[in-house]
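Visitor: Input model.cif, format and content: mmCIF, C-alpha atoms and all ligand atoms.
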```cif
data_coords
loop_
_atom_site.label_atom_id
_atom_site.label_comp_id
_atom_site.auth_asym_id
_atom_site.auth_seq_id
_atom_site.Cartn_x
_atom_site.Cartn_y
_atom_site.Cartn_z
CA MET A 824 -16.90 -93.12 82.53
CA SER A 825 -17.22 -91.92 78.94
CA ALA A 826 -16.88 -88.24 78.13
CA VAL A 827 -20.50 -88.22 76.98
CA ILE A 828 -21.80 -89.46 80.33
CA GLU A 829 -19.47 -87.12 82.25
CA ALA A 830 -20.58 -84.04 80.32
CA LYS A 831 -22.85 -81.83 82.39
CA LYS A 832 -26.31 -81.48 80.97
CA ARG A 833 -27.77 -78.01 80.67
CA ILE A 834 -30.89 -77.20 82.64
CA THR A 835 -33.73 -77.03 80.13
CA ILE A 836 -36.57 -74.55 79.67
CA PRO A 837 -39.21 -77.12 80.82
CA GLU A 838 -37.10 -77.77 83.95
CA ILE A 839 -37.12 -74.04 84.78
CA ARG A 840 -40.84 -73.85 84.02
CA ASN A 841 -41.55 -76.83 86.29
CA ARG A 842 -39.79 -75.31 89.29
CA LYS A 843 -42.94 -73.30 90.07
CA GLY A 844 -44.03 -74.02 93.63
CA LYS A 845 -41.21 -76.56 94.13
CA GLU A 846 -37.71 -75.08 94.26
CA PRO A 847 -36.39 -71.50 93.99
CA VAL A 848 -34.82 -70.58 90.64
CA VAL A 849 -31.33 -69.11 91.17
CA CYS A 850 -30.40 -66.65 88.43
CA LEU A 851 -27.55 -64.20 87.83
CA THR A 852 -26.43 -62.10 84.90
CA ALA A 853 -23.30 -63.07 82.98
CA TYR A 854 -21.65 -61.21 80.12
CA THR A 855 -18.24 -62.88 79.80
CA VAL A 856 -16.67 -66.33 79.57
CA LEU A 857 -14.91 -66.18 82.95
CA THR A 858 -17.89 -64.88 84.88
CA ALA A 859 -20.03 -67.64 83.37
CA HIS A 860 -17.37 -70.19 84.33
CA TRP A 861 -17.31 -69.17 88.00
CA LEU A 862 -21.09 -68.87 88.37
CA ASP A 863 -22.21 -71.93 86.44
CA ASP A 864 -22.12 -74.55 89.22
CA TYR A 865 -24.39 -72.47 91.44
CA THR A 866 -26.97 -70.95 89.08
CA ASP A 867 -29.97 -72.46 87.32
CA LEU A 868 -30.19 -69.68 84.77
CA LEU A 869 -27.62 -67.23 83.45
CA LEU A 870 -29.08 -64.12 81.83
CA VAL A 871 -27.01 -62.28 79.25
CA GLY A 872 -28.75 -59.06 80.19
CA ASP A 873 -28.71 -55.88 78.13
CA SER A 874 -27.63 -54.25 81.40
CA LEU A 875 -24.19 -55.07 79.94
CA GLY A 876 -24.45 -51.76 78.07
CA MET A 877 -24.25 -49.92 81.38
CA VAL A 878 -22.14 -52.36 83.40
CA ILE A 879 -19.49 -53.26 80.80
CA TYR A 880 -19.62 -50.36 78.35
CA GLY A 881 -20.45 -47.45 80.67
CA MET A 882 -23.58 -46.42 78.74
CA GLU A 883 -26.13 -44.25 80.54
CA ASN A 884 -28.94 -46.71 79.83
CA THR A 885 -29.58 -49.89 77.85
CA LEU A 886 -30.99 -48.26 74.71
CA GLY A 887 -27.71 -48.22 72.78
CA VAL A 888 -27.10 -51.97 73.07
CA THR A 889 -27.16 -53.78 69.70
CA LEU A 890 -28.07 -57.29 68.64
CA ASP A 891 -24.46 -57.92 67.59
CA MET A 892 -23.24 -56.98 71.08
CA MET A 893 -25.75 -59.34 72.67
CA ILE A 894 -24.76 -62.18 70.35
CA ALA A 895 -21.01 -61.74 70.99
CA HIS A 896 -21.50 -61.74 74.78
CA ALA A 897 -23.95 -64.67 74.65
CA GLN A 898 -21.40 -66.70 72.68
CA ALA A 899 -18.83 -66.02 75.41
CA VAL A 900 -21.27 -67.03 78.17
CA MET A 901 -22.13 -70.25 76.33
CA ARG A 902 -18.40 -71.06 76.04
CA GLY A 903 -17.93 -70.46 79.76
CA SER A 904 -20.91 -72.48 81.03
CA LYS A 905 -22.01 -76.10 80.80
CA ARG A 906 -24.92 -76.46 83.18
CA SER A 907 -27.02 -73.31 83.52
CA CYS A 908 -29.84 -72.48 81.15
CA VAL A 909 -28.63 -69.42 79.19
CA ILE A 910 -31.16 -66.75 78.24
CA VAL A 911 -30.34 -63.68 76.14
CA ASP A 912 -31.99 -60.26 76.37
CA MET A 913 -33.36 -58.91 73.09
CA PRO A 914 -32.06 -55.34 72.92
CA PHE A 915 -34.21 -52.25 72.37
CA GLY A 916 -35.42 -51.99 68.77
CA SER A 917 -34.89 -55.65 67.88
CA TYR A 918 -38.39 -57.01 68.61
CA GLU A 919 -41.01 -54.24 69.04
CA GLU A 920 -41.69 -53.46 65.37
CA SER A 921 -43.44 -56.65 64.34
CA PRO A 922 -43.64 -60.33 65.29
CA PRO A 923 -41.79 -61.47 62.10
CA ILE A 924 -38.90 -59.06 62.77
CA ALA A 925 -38.79 -60.26 66.38
CA PHE A 926 -38.71 -63.85 65.11
CA ARG A 927 -35.88 -63.19 62.67
CA ASN A 928 -33.75 -61.51 65.33
CA ALA A 929 -34.55 -64.06 68.05
CA ALA A 930 -33.77 -66.92 65.63
CA ARG A 931 -30.41 -65.26 64.93
CA VAL A 932 -29.67 -65.13 68.65
CA LEU A 933 -30.51 -68.79 69.20
CA SER A 934 -28.77 -70.10 66.08
CA GLU A 935 -25.58 -68.02 66.46
CA THR A 936 -25.16 -68.53 70.22
CA GLY A 937 -26.69 -71.88 71.15
CA ALA A 938 -28.56 -70.22 74.06
CA SER A 939 -31.89 -71.75 75.12
CA GLY A 940 -34.19 -68.73 74.95
CA ILE A 941 -34.62 -64.99 74.83
CA LYS A 942 -36.08 -62.34 77.15
CA ILE A 943 -38.20 -59.41 76.10
CA GLU A 944 -39.60 -56.53 78.11
CA GLY A 945 -43.28 -55.66 77.94
CA GLY A 946 -46.82 -56.65 78.89
CA VAL A 947 -50.13 -56.58 77.06
CA GLU A 948 -48.58 -54.78 74.06
CA MET A 949 -46.14 -57.68 73.52
CA VAL A 950 -48.71 -60.48 73.62
CA GLU A 951 -48.93 -60.91 69.84
CA THR A 952 -45.14 -61.08 69.52
CA ILE A 953 -44.68 -63.51 72.42
CA SER A 954 -47.38 -65.77 71.04
CA TYR A 955 -45.82 -65.62 67.53
CA LEU A 956 -42.38 -66.53 68.89
CA THR A 957 -43.44 -69.30 71.27
CA LYS A 958 -45.64 -70.97 68.64
CA ARG A 959 -42.58 -71.09 66.38
CA GLY A 960 -40.28 -72.73 68.91
CA ILE A 961 -38.59 -69.73 70.54
CA PRO A 962 -38.74 -69.91 74.35
CA VAL A 963 -39.51 -66.47 75.76
CA MET A 964 -38.89 -65.11 79.23
CA GLY A 965 -41.04 -62.07 80.02
CA HIS A 966 -40.09 -58.93 81.96
CA VAL A 967 -42.68 -56.74 83.70
CA GLY A 968 -42.72 -53.98 86.31
CA LEU A 969 -39.76 -51.64 85.92
CA MET A 970 -38.69 -52.00 82.30
CA PRO A 971 -35.36 -50.24 81.68
CA GLN A 972 -35.89 -50.07 77.90
CA SER A 973 -38.98 -47.88 78.52
CA LEU A 974 -37.21 -45.46 80.86
CA HIS A 975 -38.06 -42.37 78.80
CA ALA A 976 -41.77 -43.24 78.70
CA SER A 977 -41.94 -44.16 82.39
CA GLY A 978 -39.85 -41.21 83.63
CA GLY A 979 -36.70 -43.05 84.74
CA PHE A 980 -35.56 -46.03 86.79
CA LYS A 981 -38.40 -45.87 89.34
CA ALA A 982 -40.12 -48.61 91.34
CA GLN A 983 -43.46 -49.50 89.75
CA GLY A 984 -46.91 -50.49 90.98
CA LYS A 985 -47.08 -47.99 93.82
CA ASP A 986 -50.74 -47.08 93.29
CA GLU A 987 -53.68 -49.38 92.71
CA GLU A 988 -54.11 -48.52 89.07
CA SER A 989 -50.49 -49.17 88.06
CA ALA A 990 -50.38 -52.33 90.21
CA ARG A 991 -53.50 -53.57 88.37
CA ARG A 992 -51.87 -52.78 85.02
CA ILE A 993 -48.71 -54.74 85.90
CA LEU A 994 -50.76 -57.72 87.10
CA ASP A 995 -52.71 -57.62 83.82
CA ASP A 996 -49.39 -57.54 81.94
CA ALA A 997 -48.11 -60.59 83.85
CA VAL A 998 -51.30 -62.56 83.20
CA ALA A 999 -51.37 -61.58 79.51
CA ILE A 1000 -47.78 -62.63 78.78
CA THR A 1001 -48.29 -65.90 80.67
CA GLU A 1002 -51.29 -66.67 78.47
CA ALA A 1003 -49.18 -65.76 75.43
CA GLY A 1004 -46.67 -68.47 76.39
CA VAL A 1005 -43.71 -67.16 78.42
CA PHE A 1006 -41.95 -69.94 80.36
CA SER A 1007 -40.98 -67.56 83.19
CA MET A 1008 -40.87 -63.83 83.83
CA VAL A 1009 -38.66 -61.27 85.55
CA ILE A 1010 -40.50 -58.90 87.88
CA GLU A 1011 -38.32 -55.84 88.38
CA GLY A 1012 -38.65 -52.99 90.88
CA THR A 1013 -42.15 -53.54 92.22
CA MET A 1014 -43.81 -53.43 95.63
CA GLU A 1015 -43.85 -56.69 97.62
CA PRO A 1016 -47.67 -57.14 97.68
CA LEU A 1017 -47.82 -56.84 93.89
CA ALA A 1018 -44.94 -59.31 93.35
CA ARG A 1019 -46.72 -61.72 95.72
CA LYS A 1020 -50.04 -61.31 93.90
CA ILE A 1021 -48.42 -61.91 90.49
CA THR A 1022 -46.54 -64.95 91.82
CA GLU A 1023 -49.75 -66.41 93.26
CA THR A 1024 -51.68 -65.70 90.07
CA VAL A 1025 -49.46 -66.84 87.18
CA GLU A 1026 -48.53 -70.45 86.45
CA VAL A 1027 -44.90 -69.77 85.51
CA PRO A 1028 -41.97 -68.98 87.82
CA THR A 1029 -41.52 -65.31 88.66
CA ILE A 1030 -37.93 -64.14 89.05
CA GLY A 1031 -37.58 -61.06 91.23
CA ILE A 1032 -35.08 -58.23 91.16
CA GLY A 1033 -36.03 -55.58 93.67
CA ALA A 1034 -39.38 -57.34 93.91
CA SER A 1035 -39.06 -59.12 97.30
CA ALA A 1036 -38.75 -62.73 98.44
CA ALA A 1037 -42.34 -63.42 97.39
CA CYS A 1038 -41.10 -64.40 93.90
CA ASP A 1039 -40.31 -67.96 92.76
CA GLY A 1040 -36.66 -67.09 92.13
CA GLN A 1041 -34.19 -64.22 92.29
CA ILE A 1042 -31.79 -62.52 89.92
CA LEU A 1043 -29.09 -59.91 90.52
CA VAL A 1044 -26.52 -58.26 88.29
CA THR A 1045 -23.36 -60.20 89.13
CA GLU A 1046 -21.15 -57.10 89.20
CA ASP A 1047 -23.42 -55.68 91.94
CA LEU A 1048 -23.23 -58.96 93.89
CA VAL A 1049 -19.41 -58.94 93.91
CA GLY A 1050 -18.91 -55.22 94.51
CA LEU A 1051 -17.59 -54.39 91.05
CA PHE A 1052 -19.14 -50.96 90.59
CA THR A 1053 -18.06 -47.41 91.15
CA ASP A 1054 -21.05 -45.53 92.44
CA PHE A 1055 -24.74 -46.10 93.15
CA THR A 1056 -26.10 -49.56 94.00
CA PRO A 1057 -29.80 -49.97 94.61
CA ARG A 1058 -31.14 -50.94 98.03
CA PHE A 1059 -32.22 -54.42 96.88
CA VAL A 1060 -28.64 -55.49 96.10
CA LYS A 1061 -26.76 -57.61 98.61
CA ARG A 1062 -23.01 -57.33 98.15
CA TYR A 1063 -21.19 -60.62 98.84
CA SER A 1064 -17.63 -59.49 98.07
CA LEU A 1065 -15.59 -56.38 97.34
CA LEU A 1066 -13.89 -57.11 94.03
CA GLY A 1067 -13.63 -53.45 93.05
CA GLU A 1068 -11.61 -52.71 96.17
CA GLN A 1069 -9.49 -55.84 95.66
CA ILE A 1070 -8.68 -54.82 92.07
CA GLU A 1071 -7.69 -51.35 93.25
CA ALA A 1072 -5.49 -52.78 96.04
CA SER A 1073 -3.82 -55.16 93.55
CA ALA A 1074 -3.15 -52.33 91.06
CA LYS A 1075 -1.70 -50.18 93.88
CA ALA A 1076 0.60 -52.97 95.13
CA TYR A 1077 1.70 -53.80 91.55
CA SER A 1078 2.48 -50.16 90.72
CA GLU A 1079 4.54 -49.84 93.92
CA ASP A 1080 6.45 -53.05 93.10
CA VAL A 1081 7.20 -51.94 89.52
CA ARG A 1082 8.29 -48.48 90.61
CA SER A 1083 10.53 -49.84 93.39
CA GLY A 1084 12.01 -52.63 91.23
CA LYS A 1085 10.49 -55.40 93.38
CA PHE A 1086 8.61 -56.84 90.40
CA PRO A 1087 9.56 -58.88 88.46
CA GLY A 1088 11.64 -60.88 90.96
CA PRO A 1089 13.93 -63.78 90.06
CA GLU A 1090 11.01 -66.23 90.38
CA HIS A 1091 9.16 -64.45 87.55
CA VAL A 1092 12.04 -64.48 85.06
CA PHE A 1093 12.58 -67.28 82.52
CA GLY A 1094 15.79 -69.24 82.90
CA MET A 1095 16.60 -68.08 86.45
CA LYS A 1096 15.49 -71.18 88.37
CA LYS A 1097 16.34 -74.87 87.82
CA THR A 1098 12.71 -75.85 88.63
CA ASP A 1099 11.13 -73.47 86.12
CA PRO A 1100 8.94 -75.80 83.98
CA VAL A 1101 10.03 -73.91 80.83
CA ASP A 1102 13.64 -75.03 81.47
CA GLU A 1103 12.79 -78.68 82.08
O1 LIG B 1201 -30.55 -56.64 81.70
C1 LIG B 1201 -30.59 -57.23 82.79
O2 LIG B 1201 -29.57 -57.49 83.43
C2 LIG B 1201 -31.89 -57.61 83.31
C3 LIG B 1201 -31.93 -58.08 84.72
C4 LIG B 1201 -31.79 -56.93 85.61
C5 LIG B 1201 -33.17 -58.85 85.00
O3 LIG B 1201 -32.87 -57.51 82.61
#
```
I'd like the structure from this file rewritten - as structure tokens, please.
Guide:
Amino acid sequence: MSAVIEAKKRITIPEIRNRKGKEPVVCLTAYTVLTAHWLDDYTDLLLVGDSLGMVIYGMENTLGVTLDMMIAHAQAVMRGSKRSCVIVDMPFGSYEESPPIAFRNAARVLSETGASGIKIEGGVEMVETISYLTKRGIPVMGHVGLMPQSLHASGGFKAQGKDEESARRILDDAVAITEAGVFSMVIEGTMEPLARKITETVEVPTIGIGASAACDGQILVTEDLVGLFTDFTPRFVKRYSLLGEQIEASAKAYSEDVRSGKFPGPEHVFGMKKTDPVDE
């Protein structure tokens, strides 16, 4: 088989869009080449989320993340993946000012990374920008409900849509951005009845995080999924492995071996064994 035929084809934006009502969309965040590599066979969409500011860089929130950071991490994720559709978060301050500025920055992301689309937070207030971008060939994923970039305005990382008025507002946001042209949207931190209502109402796949199984797909931060965190994890996270504890156990065993002289052993030293490939 030729290399061209063997090469895995990336899942496209229309394929994600057409999953609505057919097949769940499996999404995870990825920030690095190796994470992308290990996730790629099992995900439909990899999001280079601006949560990387908190998860990788230890920031208190996502507001300090820059476009250059997002581009560098998106390039790594593209190098590590072959199959999943890669979407890149537009960081705070890179798209809110005006549609042309949003276009310039989004075009930079797509041209410098090769990713398939971008994600922006916001509802009704972002309609003009989303419409401007999508009409000019930039696929946009929306993000409604809890919007981490608006944490100061909303009073913190709190579940949204608890009362009728705010639930109505979030539904209006979801409908407005769908009409403006998003191909899919994240619903974050909302009550189950609201996520269900949005999912039943809009024509594009909804991807839930802390928004219940009523959504068309799910996303989690990969580091939460594999237990690579130090303190608080939200209730909606399911932990599938304990990498943090495994890293700590490995570091402990290594430090004991080095201190006791057990490592390196003869098998780790060049020129000690006949079978060492370096000697052959
Ligand atoms: O930044 C991010 O990782 C996200 C997901 C939580 C959806 O926006």
Visitor: Per residue of chain A within 10 Å of ligand LIG 1201 (chain B), note the shortest atom pair and the distance in Å to one decimal, counting only C-alpha atoms and all ligand atoms, and order the rows by chain and increasing residue number, as CSV.
Guide:
```
residue,atom,partner,partner_atom,distance
A:Cys850,CA,B:LIG1201,C5,9.0
A:Leu851,CA,B:LIG1201,C3,8.1
A:Thr852,CA,B:LIG1201,O2,5.8
A:Ala853,CA,B:LIG1201,O2,8.4
A:Tyr854,CA,B:LIG1201,O2,9.4
A:Leu869,CA,B:LIG1201,O2,9.9
A:Leu870,CA,B:LIG1201,O2,6.8
A:Val871,CA,B:LIG1201,O2,6.9
A:Gly872,CA,B:LIG1201,O1,3.4
A:Asp873,CA,B:LIG1201,O1,4.1
A:Ser874,CA,B:LIG1201,O1,3.8
A:Leu875,CA,B:LIG1201,O1,6.8
A:Gly876,CA,B:LIG1201,O1,8.6
A:Met877,CA,B:LIG1201,O1,9.2
A:Val878,CA,B:LIG1201,O2,9.0
A:Thr885,CA,B:LIG1201,O1,7.8
A:Val911,CA,B:LIG1201,O1,9.0
A:Asp912,CA,B:LIG1201,O1,6.6
A:Met913,CA,B:LIG1201,O1,9.3
A:Pro914,CA,B:LIG1201,O1,9.0
A:Lys942,CA,B:LIG1201,O3,8.0
A:Ile943,CA,B:LIG1201,O3,8.6
A:Glu944,CA,B:LIG1201,O3,8.2
A:Gly965,CA,B:LIG1201,O3,9.7
A:His966,CA,B:LIG1201,O3,7.4
A:Val967,CA,B:LIG1201,C5,9.8
A:Leu969,CA,B:LIG1201,C4,9.6
A:Met970,CA,B:LIG1201,O3,8.0
A:Pro971,CA,B:LIG1201,O3,7.7
A:Gln972,CA,B:LIG1201,O1,9.3
A:Met1008,CA,B:LIG1201,C5,9.2
A:Val1009,CA,B:LIG1201,C5,6.0
A:Ile1010,CA,B:LIG1201,C5,7.9
A:Glu1011,CA,B:LIG1201,C5,6.9
A:Gly1012,CA,B:LIG1201,C4,9.5
A:Ile1030,CA,B:LIG1201,C5,8.2
A:Gly1031,CA,B:LIG1201,C5,7.9
A:Ile1032,CA,B:LIG1201,C5,6.5
A:Gly1033,CA,B:LIG1201,C4,9.2
A:Gln1041,CA,B:LIG1201,C5,9.1
A:Ile1042,CA,B:LIG1201,C5,6.3
A:Leu1043,CA,B:LIG1201,C4,6.3
A:Val1044,CA,B:LIG1201,O2,5.8
A:Thr1045,CA,B:LIG1201,O2,8.9
```
Visitor: Within 12 Å of Glu1068 of chain A, counting all atoms listed in the file, which residues qualify if same-chain residues fewer than 3 places away don't, as a ChimeraX atom specification?
Guide: /A:1049-1053,1064-1065,1071-1075
Visitor: Would you list the contacts of Gly844 of chain A as a ChimeraX atom specification, taking every protein, DNA or RNA residue within 10 Å and counting only C-alpha atoms, but skipping same-chain residues closer than 6 positions in sequence?
Guide: /A:1022-1023,1026-1028,1039
Visitor: Please give the centre and size of the box around segment 840-844 of chain A (axis-aligned, containing every atom listed in the file, 8 Å added per side), with values in Å to one decimal and written as lines of an AutoDock Vina configuration file.
Guide:
```
center_x = -41.9
center_y = -75.1
center_z = 88.8
size_x = 20.2
size_y = 19.5
size_z = 25.6
```
Visitor: Show me, as a list in words, the residues that have an atom within 9 Å of Arg1019 of chain A when counting only C-alpha atoms, minus same-chain residues fewer than 6 positions from it.
Guide: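 Listed by chain and then number, they are Ala1034, Ser1035, Ala1036, Ala1037 and Cys1038 of chain A.
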Visitor: Please compute the atom CA of Ser921 of chain A-atom CA of Val998 of chain A distance, one decimal, in Å.
Guide: 21.3 Å
Visitor: Residues near Arg833 of chain A, anyone? I mean within 6 Å using only C-alpha atoms, not counting same-chain ones fewer than 5 positions away, as a VMD selection string.
Guide: chain A and resid 906 to 908
Visitor: Got time to write the residues from that selection, C-alpha atoms, as an mmCIF file, in the frame of the given file?
Guide:
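Listing of part16.cif after writing:
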```cif
data_model
loop_
_atom_site.group_PDB
_atom_site.id
_atom_site.type_symbol
_atom_site.label_atom_id
_atom_site.label_comp_id
_atom_site.auth_asym_id
_atom_site.auth_seq_id
_atom_site.Cartn_x
_atom_site.Cartn_y
_atom_site.Cartn_z
ATOM 1 C CA ARG A 906 -24.920 -76.460 83.180
ATOM 2 C CA SER A 907 -27.020 -73.310 83.520
ATOM 3 C CA CYS A 908 -29.840 -72.480 81.150
#
```
Visitor: One decimal, in Å: what's the spacing between atom CA of Ala929 of chain A and atom CA of Val909 of chain A?
Guide: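 Interatomic distance here is 13.7 Å.
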Visitor: Could you tell me how far atom CA of Gly940 of chain A lies from atom CA of Val963 of chain A, in Å and to one decimal?
Guide: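 Between these atoms lies a distance of 5.8 Å.
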Visitor: Residues of segment 931-983 of chain A that have any atom at most 8 Å from an atom of segment 991-996 of chain A: could you tabulate them with the shortest-distance atom pair and the distance in Å to one decimal, using all atoms listed in the file, ordered by chain and increasing number, as a Markdown table?
Guide:
```
| residue | atom | partner | partner_atom | distance |
| --- | --- | --- | --- | --- |
| A:Gly945 | CA | A:Asp996 | CA | 7.5 |
| A:Gly946 | CA | A:Asp996 | CA | 4.1 |
| A:Val947 | CA | A:Asp996 | CA | 5.0 |
| A:Val967 | CA | A:Ile993 | CA | 6.7 |
| A:Gly968 | CA | A:Ile993 | CA | 6.1 |
```
Visitor: I'd like the neighbourhood of segment 955-962 of chain A as number ranges by chain, where a residue qualifies if any of its atoms comes within 10 Å (using all atoms listed in the file), though same-chain residues fewer than 3 positions away should be ignored.
Guide: A: 836-837, 910, 921-923, 925-927, 929-930, 933, 939-942, 949-952, 965, 1003-1007
Visitor: With distances taken over all atoms listed in the file, which of A:Gly978, A:Gly1067, A:Pro1089, A:Gly903 is nearest to Ala859 of chain A?
Guide: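 Looking at the shortest contact to Ala859 of chain A, the residue is A:Gly903.
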Visitor: Pick the closest to Ile953 of chain A from A:Ile1021, A:Leu1048, A:Leu886, A:Ile1000: which is it, counting only C-alpha atoms?
Guide: A:Ile1000
Visitor: Give the answer as one residue: which of A:Val1092, A:Met893, A:Ala997, A:Ala990 has the shortest atom-to-atom distance to Leu1017 of chain A, using all atoms listed in the file?
Guide: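 Using all atoms listed in the file, Leu1017 of chain A sits closest to A:Ala990.
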Visitor: Find, counting only C-alpha atoms, the residue in A:Gly916, A:Gly1094, A:Gly1040, A:Pro1057 that gets nearest to Ser973 of chain A.
Guide: A:Gly916
Visitor: Have a look at A:Thr1029, A:Thr1001, A:Asn928, A:Thr936 and name the one nearest to Met901 of chain A; count only C-alpha atoms.
Guide: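 Among the listed residues, the smallest separation from Met901 of chain A belongs to A:Thr936.
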Visitor: Closest to Thr858 of chain A among A:Ile879, A:Val1081, A:Val900, A:Val932, using only C-alpha atoms?
Guide: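 Closest to Thr858 of chain A of all the choices is A:Val900.
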